[in-house]
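S.K.: Take a look at target_25.cif, mmCIF, C-alpha atoms:
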```cif
data_query
#
loop_
_atom_site.label_atom_id
_atom_site.label_comp_id
_atom_site.auth_asym_id
_atom_site.auth_seq_id
_atom_site.Cartn_x
_atom_site.Cartn_y
_atom_site.Cartn_z
CA MET U 2 -13.07 4.11 5.06
CA ALA U 3 -11.26 0.91 5.74
CA LYS U 4 -13.19 -1.88 7.37
CA MET U 5 -12.17 -3.45 10.66
CA ILE U 6 -13.40 -7.02 10.92
CA SER U 7 -14.07 -9.04 14.04
CA PRO U 8 -14.13 -12.84 14.05
CA ARG U 9 -17.81 -12.78 15.01
CA ASN U 10 -19.14 -10.71 12.15
CA LEU U 11 -17.10 -11.86 9.16
CA THR U 12 -19.89 -12.79 6.78
CA SER U 13 -20.48 -12.79 3.05
CA SER U 14 -21.62 -9.18 3.31
CA THR U 15 -18.64 -7.86 5.28
CA SER U 16 -17.03 -4.95 3.44
CA LEU U 17 -13.28 -5.12 2.91
CA LEU U 18 -11.97 -3.11 -0.01
CA PHE U 19 -12.94 0.02 -1.90
CA PRO U 20 -13.52 -0.24 -5.63
CA SER U 21 -14.46 3.39 -6.18
CA THR U 22 -13.12 4.68 -9.48
CA HIS U 23 -14.61 8.17 -9.23
CA PHE U 24 -12.90 11.09 -7.60
CA PRO U 25 -14.05 11.60 -4.00
CA THR U 26 -15.75 14.89 -3.31
CA SER U 27 -15.25 15.04 0.44
CA LEU U 28 -12.86 14.04 3.15
CA HIS U 29 -14.82 10.87 3.71
CA SER U 30 -13.41 7.70 2.16
CA PRO U 31 -15.35 6.12 -0.74
CA PRO U 32 -17.86 3.37 0.02
CA SER U 33 -16.79 -0.24 0.45
CA VAL U 34 -17.81 -3.22 -1.58
CA GLY U 35 -19.16 -6.51 -0.39
CA PHE U 36 -16.89 -9.40 0.50
CA SER U 37 -16.81 -11.98 -2.29
CA THR U 38 -15.34 -15.40 -2.84
CA LYS U 39 -14.82 -14.85 -6.57
CA PRO U 40 -11.18 -15.02 -7.72
CA ILE U 41 -9.34 -11.79 -8.35
CA SER U 42 -8.75 -11.01 -11.99
CA ARG U 43 -5.27 -10.06 -13.12
CA GLY U 44 -4.64 -6.54 -14.38
CA ARG U 45 -5.53 -5.61 -17.94
CA PHE U 46 -4.76 -2.62 -20.12
CA ALA U 47 -7.41 -0.21 -21.24
CA ALA U 48 -6.89 1.14 -24.72
CA GLU U 49 -6.78 4.89 -25.16
CA PRO U 50 -8.85 6.52 -27.97
CA GLY U 51 -5.84 6.31 -30.28
CA GLY U 52 -5.52 2.60 -29.72
CA THR U 53 -2.41 2.68 -27.51
CA SER U 54 -2.58 0.83 -24.19
CA LEU U 55 -1.39 3.30 -21.58
CA VAL U 56 -3.14 2.67 -18.28
CA ALA U 57 -3.60 -0.70 -16.59
CA LYS U 58 -6.71 -1.39 -14.57
CA ALA U 59 -6.38 -2.93 -11.09
CA SER U 60 -9.01 -5.49 -12.07
CA SER U 61 -10.82 -6.60 -15.20
CA THR U 62 -14.06 -5.68 -13.46
CA PRO U 63 -14.98 -2.32 -11.88
CA THR U 64 -15.30 -4.05 -8.50
CA PRO U 65 -12.13 -5.73 -7.19
CA VAL U 66 -12.97 -8.60 -4.87
CA VAL U 67 -11.17 -10.51 -2.15
CA PRO U 68 -11.52 -14.29 -1.82
CA ASP U 69 -12.25 -15.76 1.60
CA ASP U 70 -8.98 -17.66 1.34
CA ILE U 71 -6.94 -14.51 0.67
CA ALA U 72 -4.30 -15.47 3.25
CA ASP U 73 -3.74 -18.79 1.48
CA VAL U 74 -3.56 -17.11 -1.93
CA LEU U 75 -1.23 -14.39 -0.68
CA GLY U 76 0.78 -16.95 1.25
CA GLU U 77 1.90 -18.63 -1.96
CA VAL U 78 3.29 -15.38 -3.39
CA THR U 79 7.07 -15.21 -3.43
CA ILE U 80 8.76 -11.87 -2.80
CA PHE U 81 12.33 -11.00 -1.77
CA ALA U 82 13.90 -9.92 1.48
CA ALA U 83 15.80 -6.64 1.12
CA ALA U 84 18.97 -8.70 1.46
CA GLY U 85 17.97 -10.61 -1.68
CA GLN U 86 16.65 -13.98 -0.49
CA PRO U 87 13.31 -15.17 -1.94
CA VAL U 88 10.60 -15.79 0.65
CA LYS U 89 6.91 -16.70 0.60
CA PHE U 90 4.39 -14.58 2.46
CA GLN U 91 3.26 -17.60 4.45
CA ASP U 92 6.71 -17.80 6.01
CA LEU U 93 6.72 -14.19 7.24
CA TRP U 94 4.45 -14.69 10.27
CA ASP U 95 2.82 -17.44 12.31
CA GLN U 96 -0.10 -18.58 10.16
CA LYS U 97 -2.06 -19.83 13.17
CA GLU U 98 -2.09 -17.04 15.73
CA GLY U 99 0.59 -14.52 14.73
CA MET U 100 -0.34 -10.89 14.16
CA ALA U 101 1.10 -9.10 11.14
CA VAL U 102 0.78 -5.62 9.69
CA VAL U 103 1.42 -5.81 5.95
CA ALA U 104 2.13 -2.36 4.51
CA LEU U 105 2.40 -2.25 0.73
CA LEU U 106 4.28 0.84 -0.38
CA ARG U 107 3.97 2.11 -3.94
CA HIS U 108 7.63 1.78 -4.96
CA PHE U 109 11.00 2.44 -3.33
CA GLY U 110 11.51 5.71 -5.20
CA CYS U 111 8.17 7.21 -4.14
CA PRO U 112 8.73 10.20 -1.78
CA CYS U 113 5.39 9.61 -0.05
CA CYS U 114 6.47 6.04 0.61
CA TRP U 115 9.65 7.27 2.27
CA GLU U 116 7.42 9.29 4.58
CA LEU U 117 5.23 6.24 5.28
CA ALA U 118 8.31 4.07 5.83
CA ALA U 119 9.67 6.65 8.29
CA THR U 120 6.39 6.59 10.20
CA LEU U 121 6.36 2.79 10.27
CA LYS U 122 9.94 2.74 11.52
CA GLU U 123 9.02 5.09 14.36
CA SER U 124 6.10 2.80 15.20
CA LYS U 125 8.06 -0.44 15.08
CA GLY U 126 8.79 -0.41 18.81
CA LYS U 127 5.06 -0.27 19.50
CA PHE U 128 4.42 -3.15 17.12
CA ASP U 129 7.24 -5.19 18.66
CA SER U 130 5.90 -4.63 22.17
CA ALA U 131 2.49 -5.91 21.08
CA GLY U 132 4.01 -8.97 19.41
CA VAL U 133 3.05 -7.70 15.96
CA LYS U 134 5.24 -8.45 12.93
CA LEU U 135 5.79 -5.42 10.68
CA ILE U 136 6.12 -6.31 7.01
CA ALA U 137 6.78 -3.44 4.60
CA VAL U 138 6.73 -4.34 0.92
CA GLY U 139 7.67 -2.11 -1.99
CA VAL U 140 7.73 -2.43 -5.76
CA GLY U 141 11.25 -2.84 -7.07
CA THR U 142 14.25 -5.12 -6.80
CA PRO U 143 16.11 -5.85 -3.54
CA ASP U 144 18.89 -3.39 -4.42
CA LYS U 145 16.29 -0.60 -4.59
CA ALA U 146 14.94 -1.69 -1.21
CA GLN U 147 18.46 -1.51 0.19
CA LEU U 148 18.79 2.10 -0.95
CA LEU U 149 15.72 3.06 1.08
CA ALA U 150 16.86 0.97 4.04
CA GLU U 151 20.32 2.55 4.10
CA ARG U 152 19.36 6.16 3.46
CA LEU U 153 16.16 6.56 5.49
CA PRO U 154 17.18 4.34 7.37
CA PHE U 155 14.73 1.43 7.74
CA PRO U 156 15.23 -2.00 9.38
CA LEU U 157 16.25 -4.52 6.72
CA ASP U 158 14.52 -7.40 8.48
CA SER U 159 11.14 -5.71 8.01
CA LEU U 160 11.58 -4.68 4.37
CA TYR U 161 10.71 -6.75 1.30
CA ALA U 162 10.75 -6.27 -2.46
CA ASP U 163 8.07 -7.32 -4.95
CA PRO U 164 9.57 -6.51 -8.37
CA ASP U 165 6.73 -8.12 -10.34
CA ARG U 166 3.93 -6.63 -8.19
CA LYS U 167 2.55 -10.12 -7.53
CA ALA U 168 1.18 -9.32 -4.07
CA TYR U 169 -0.38 -6.09 -5.36
CA ASP U 170 -2.11 -8.04 -8.12
CA VAL U 171 -3.43 -10.68 -5.71
CA LEU U 172 -4.81 -7.98 -3.40
CA GLY U 173 -6.34 -6.03 -6.29
CA LEU U 174 -4.58 -2.75 -5.48
CA TYR U 175 -5.07 0.18 -7.79
CA TYR U 176 -2.76 0.78 -10.75
CA GLY U 177 -2.81 3.53 -13.32
CA LEU U 178 -1.78 6.97 -14.46
CA GLY U 179 -4.87 8.77 -13.20
CA ARG U 180 -4.61 7.60 -9.58
CA THR U 181 -0.86 8.18 -9.47
CA PHE U 182 -0.74 11.76 -10.72
CA PHE U 183 -4.23 13.22 -11.06
CA ASN U 184 -6.44 11.62 -8.41
CA PRO U 185 -7.45 14.19 -5.78
CA ALA U 186 -6.29 11.78 -3.06
CA SER U 187 -2.73 11.99 -4.39
CA ALA U 188 -0.19 13.88 -2.34
CA TYR U 189 1.25 16.01 -5.11
CA ASP U 190 2.61 15.61 -8.58
CA ILE U 191 6.30 15.51 -9.44
CA LEU U 192 6.49 19.27 -9.93
CA GLY U 193 4.95 19.78 -6.52
CA LEU U 194 7.61 17.57 -4.99
CA TYR U 195 10.68 19.23 -6.43
CA TYR U 196 9.58 22.84 -6.86
CA GLY U 197 7.17 23.35 -3.99
CA LEU U 198 4.22 23.94 -6.30
CA ARG U 199 0.79 23.03 -5.00
CA ARG U 200 -1.34 20.81 -7.19
CA THR U 201 -3.45 22.56 -9.78
CA PHE U 202 -6.48 20.49 -8.87
CA LEU U 203 -7.07 20.77 -5.15
CA ASN U 204 -10.01 19.42 -3.19
CA PRO U 205 -10.56 18.59 0.50
CA ALA U 206 -9.03 15.11 0.07
CA SER U 207 -5.64 16.72 -0.55
CA VAL U 208 -5.61 18.79 2.65
CA LYS U 209 -4.40 15.94 4.86
CA VAL U 210 -1.35 15.50 2.64
CA PHE U 211 -0.27 19.12 2.80
CA SER U 212 -0.54 18.92 6.59
CA ARG U 213 2.36 16.43 6.45
CA VAL U 214 4.83 18.62 4.58
CA ASP U 215 7.32 18.73 7.48
CA ALA U 216 7.25 14.94 7.81
CA LEU U 217 7.78 14.59 4.08
CA LYS U 218 10.79 16.91 4.12
CA LYS U 219 12.30 15.08 7.07
CA ALA U 220 11.84 11.66 5.47
CA MET U 221 13.41 12.89 2.24
CA LYS U 222 16.55 14.28 3.78
CA ASN U 223 18.64 11.51 2.19
CA TYR U 224 16.20 10.65 -0.60
CA THR U 225 17.52 9.38 -3.91
CA ILE U 226 15.58 8.93 -7.11
CA LYS U 227 17.88 5.99 -7.84
CA ALA U 228 15.56 3.90 -5.66
CA THR U 229 12.91 4.14 -8.39
CA PRO U 230 12.31 0.80 -10.17
CA ASP U 231 14.08 0.37 -13.50
CA ASP U 232 10.72 -0.68 -14.92
CA ARG U 233 9.16 2.78 -14.99
CA SER U 234 5.65 1.40 -15.43
CA SER U 235 5.91 0.26 -11.80
CA VAL U 236 5.58 3.86 -10.58
CA LEU U 237 1.88 3.70 -11.49
CA GLN U 238 1.22 1.16 -8.71
CA GLN U 239 -0.73 2.20 -5.61
CA GLY U 240 -0.33 0.62 -2.18
CA GLY U 241 -2.47 -0.47 0.72
CA MET U 242 -2.48 -1.69 4.32
CA PHE U 243 -3.61 -5.04 5.71
CA VAL U 244 -3.68 -6.62 9.17
CA PHE U 245 -3.77 -10.39 9.67
CA LYS U 246 -4.11 -12.59 12.71
CA GLY U 247 -2.93 -15.95 11.51
CA LYS U 248 -4.84 -16.39 8.26
CA GLN U 249 -7.70 -14.16 9.30
CA LEU U 250 -7.88 -10.77 7.62
CA LEU U 251 -8.79 -8.15 10.23
CA TYR U 252 -8.25 -4.91 8.33
CA ALA U 253 -7.94 -3.98 4.67
CA ARG U 254 -7.43 -0.63 3.00
CA LYS U 255 -6.53 0.28 -0.56
CA ASP U 256 -4.80 3.61 -1.18
CA GLU U 257 -6.94 5.79 -3.44
CA GLY U 258 -3.91 7.67 -4.75
CA SER U 259 -0.31 8.64 -4.06
CA GLY U 260 0.15 9.67 -0.43
CA ASP U 261 -3.28 8.38 0.65
CA HIS U 262 -2.05 6.18 3.49
CA ALA U 263 -4.00 4.26 6.12
CA PRO U 264 -4.25 6.08 9.48
CA LEU U 265 -1.87 4.29 11.83
CA ASP U 266 -4.24 4.92 14.72
CA ASP U 267 -6.64 2.50 13.02
CA ILE U 268 -3.86 -0.07 12.79
CA PHE U 269 -2.88 0.37 16.44
CA ASN U 270 -6.52 0.01 17.42
CA ILE U 271 -6.76 -3.35 15.67
CA CYS U 272 -3.47 -4.57 17.10
CA CYS U 273 -4.55 -3.65 20.62
CA LYS U 274 -8.08 -4.96 20.36
CA VAL U 275 -7.07 -8.39 19.13
CA PRO U 276 -4.24 -9.71 21.35
CA ALA U 277 -1.31 -11.15 19.44
CA ALA U 278 -0.24 -14.69 20.22
#
```
Just give me the structure of the file as structure tokens.
M.R.:
Amino acid sequence: MAKMISPRNLTSSTSLLFPSTHFPTSLHSPPSVGFSTKPISRGRFAAEPGGTSLVAKASSTPTPVVPDDIADVLGEVTIFAAAGQPVKFQDLWDQKEGMAVVALLRHFGCPCCWELAATLKESKGKFDSAGVKLIAVGVGTPDKAQLLAERLPFPLDSLYADPDRKAYDVLGLYYGLGRTFFNPASAYDILGLYYGLRRTFLNPASVKVFSRVDALKKAMKNYTIKATPDDRSSVLQQGGMFVFKGKQLLYARKDEGSGDHAPLDDIFNICCKVPAA
């Protein structure tokens, strides 16, 4: 499960992210890894038996790590507002005391991400009332972000595009064919989406996704596959959820597969427990 971190107990042993590469066998989230100050390695490609590089790893080591200066590292990453202007993460919220929820979607053509975006939109009033900045980031170009914003709809001033997946790389989020289509935490495969077929490989981790079928259908009322990135390799990217107060990381969660989103109740709990400036 994701780790919630208080200012008093953030130590070198505080768990932040989940490196588990095996398929979970229960509804419980995989174990966390220890907090580390080692730099995050950029993605690399693992060669298939035939010699062709097909699947990129989220990290060059089996255990992705997060540096203690993650807010500074992330702050230097440039993404794009949905309207097209480049912006650095450090300019998106008050780096001293401001509270921010940073939701990294998979990509703008991902149906599960339309559902997550719809849920975030419905929750925006609650975030605003608490003085919390909502920042939703997706893989793709600004024009793809605009498609989601117009059709869902979703507030443009809270939506950002990361076409090169720079923030995802910095945060060590999962990337690969297995987690996108075959991981038991995934919502469903493409056939399941368009033809109503349940996944062939079901386990308890999938149950929570099928319980959201009505929400998925509602979010996809005006869905268009045109929002999918032109770079089709981008659809293999997984997302995650992070909460910052200033430069302090309070909550971190990596999605184990498609549709495996952070429980918003956890996010609300963090936002309420730590008053925003």
S.K.: Have a look at U:Gly110, U:Val88, U:Ile268, U:Ser259 and name the one nearest to U:Leu75; count all atoms listed in the file.
M.R.: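 Ranking U:Gly110, U:Val88, U:Ile268, U:Ser259 by distance to U:Leu75, first place goes to U:Val88.
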S.K.: Would you compute the distance between atom CA of U:Cys111 and atom CA of U:Trp94? Give it in Å to one decimal.
M.R.: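 Here the two named atoms are 26.5 Å from each other.
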S.K.: Can you tell me which residues surround U:Cys113 at a distance of at most 9 Å, considering only C-alpha atoms, apart from same-chain residues fewer than 2 positions away, and format the answer as a ChimeraX atom specification?
M.R.: /U:106-107,110-111,115-118,188,217,220-221,259-262
S.K.: Which residues would end up in the selection if the PyMOL selection byres ((chain U and resi 137) around 12) were applied here, given that I need the answer as a ChimeraX atom specification?
M.R.: /U:80-83,90,93,101-109,114-115,117-122,125,134-136,138-140,146,149-150,155-163,168,240-244
S.K.: Given the choices U:Lys167, U:Lys97, U:Lys227, U:Lys145, which gets closest to U:Gly85 if the distance is worked out from only C-alpha atoms?
M.R.: U:Lys145
S.K.: Could you work out how far atom CA of U:Asp256 lies from atom CA of U:Asp95, giving the answer in Å with one decimal?
M.R.: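 So the two atoms, atom CA of U:Asp95 and atom CA of U:Asp256, lie 26.1 Å apart.
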S.K.: In terms of the shortest atom-to-atom distance over only C-alpha atoms, which of U:Lys218, U:Arg254, U:Lys127, U:Arg166 is closest to U:Gly141?
M.R.: U:Arg166
S.K.: To box stretch 238-243 of chain U, take all atoms listed in the file, fit an axis-aligned box, add 3 Å on each side, and give centre and edge lengths in Å to one decimal, as JSON.
M.R.:
```
{"center_x": -1.2, "center_y": -1.4, "center_z": -1.5, "size_x": 10.8, "size_y": 13.2, "size_z": 20.4}
```
S.K.: Would you work out the distance separating atom CA of U:Val236 from atom CA of U:Tyr176, expressed in Å to one decimal?
M.R.: 8.9 Å
S.K.: Just so the selection is clear, what residues does the PyMOL selection byres ((chain U and resi 247) around 10) cover here, as a CSV table (one decimal) with C-alpha atoms, in the coordinates of the input?
M.R.:
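Wrote it out as result01.csv, contents follow:
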```csv
chain,number,residue,atom,x,y,z
U,72,ALA,CA,-4.3,-15.5,3.2
U,91,GLN,CA,3.3,-17.6,4.4
U,94,TRP,CA,4.4,-14.7,10.3
U,95,ASP,CA,2.8,-17.4,12.3
U,96,GLN,CA,-0.1,-18.6,10.2
U,97,LYS,CA,-2.1,-19.8,13.2
U,98,GLU,CA,-2.1,-17.0,15.7
U,99,GLY,CA,0.6,-14.5,14.7
U,100,MET,CA,-0.3,-10.9,14.2
U,101,ALA,CA,1.1,-9.1,11.1
U,244,VAL,CA,-3.7,-6.6,9.2
U,245,PHE,CA,-3.8,-10.4,9.7
U,246,LYS,CA,-4.1,-12.6,12.7
U,248,LYS,CA,-4.8,-16.4,8.3
U,249,GLN,CA,-7.7,-14.2,9.3
U,250,LEU,CA,-7.9,-10.8,7.6
U,251,LEU,CA,-8.8,-8.2,10.2
U,277,ALA,CA,-1.3,-11.2,19.4
U,278,ALA,CA,-0.2,-14.7,20.2
```
S.K.: Go through U:Glu151, U:Lys222, U:Pro143, U:Leu172 and flag the residue nearest U:Asp73, using all atoms listed in the file for the distances.
M.R.: U:Leu172
S.K.: So what does the PyMOL selection byres ((chain U and resi 237) around 6) actually pick up in this one, as a ChimeraX atom specification?
M.R.: /U:176-178,181,234-236,238
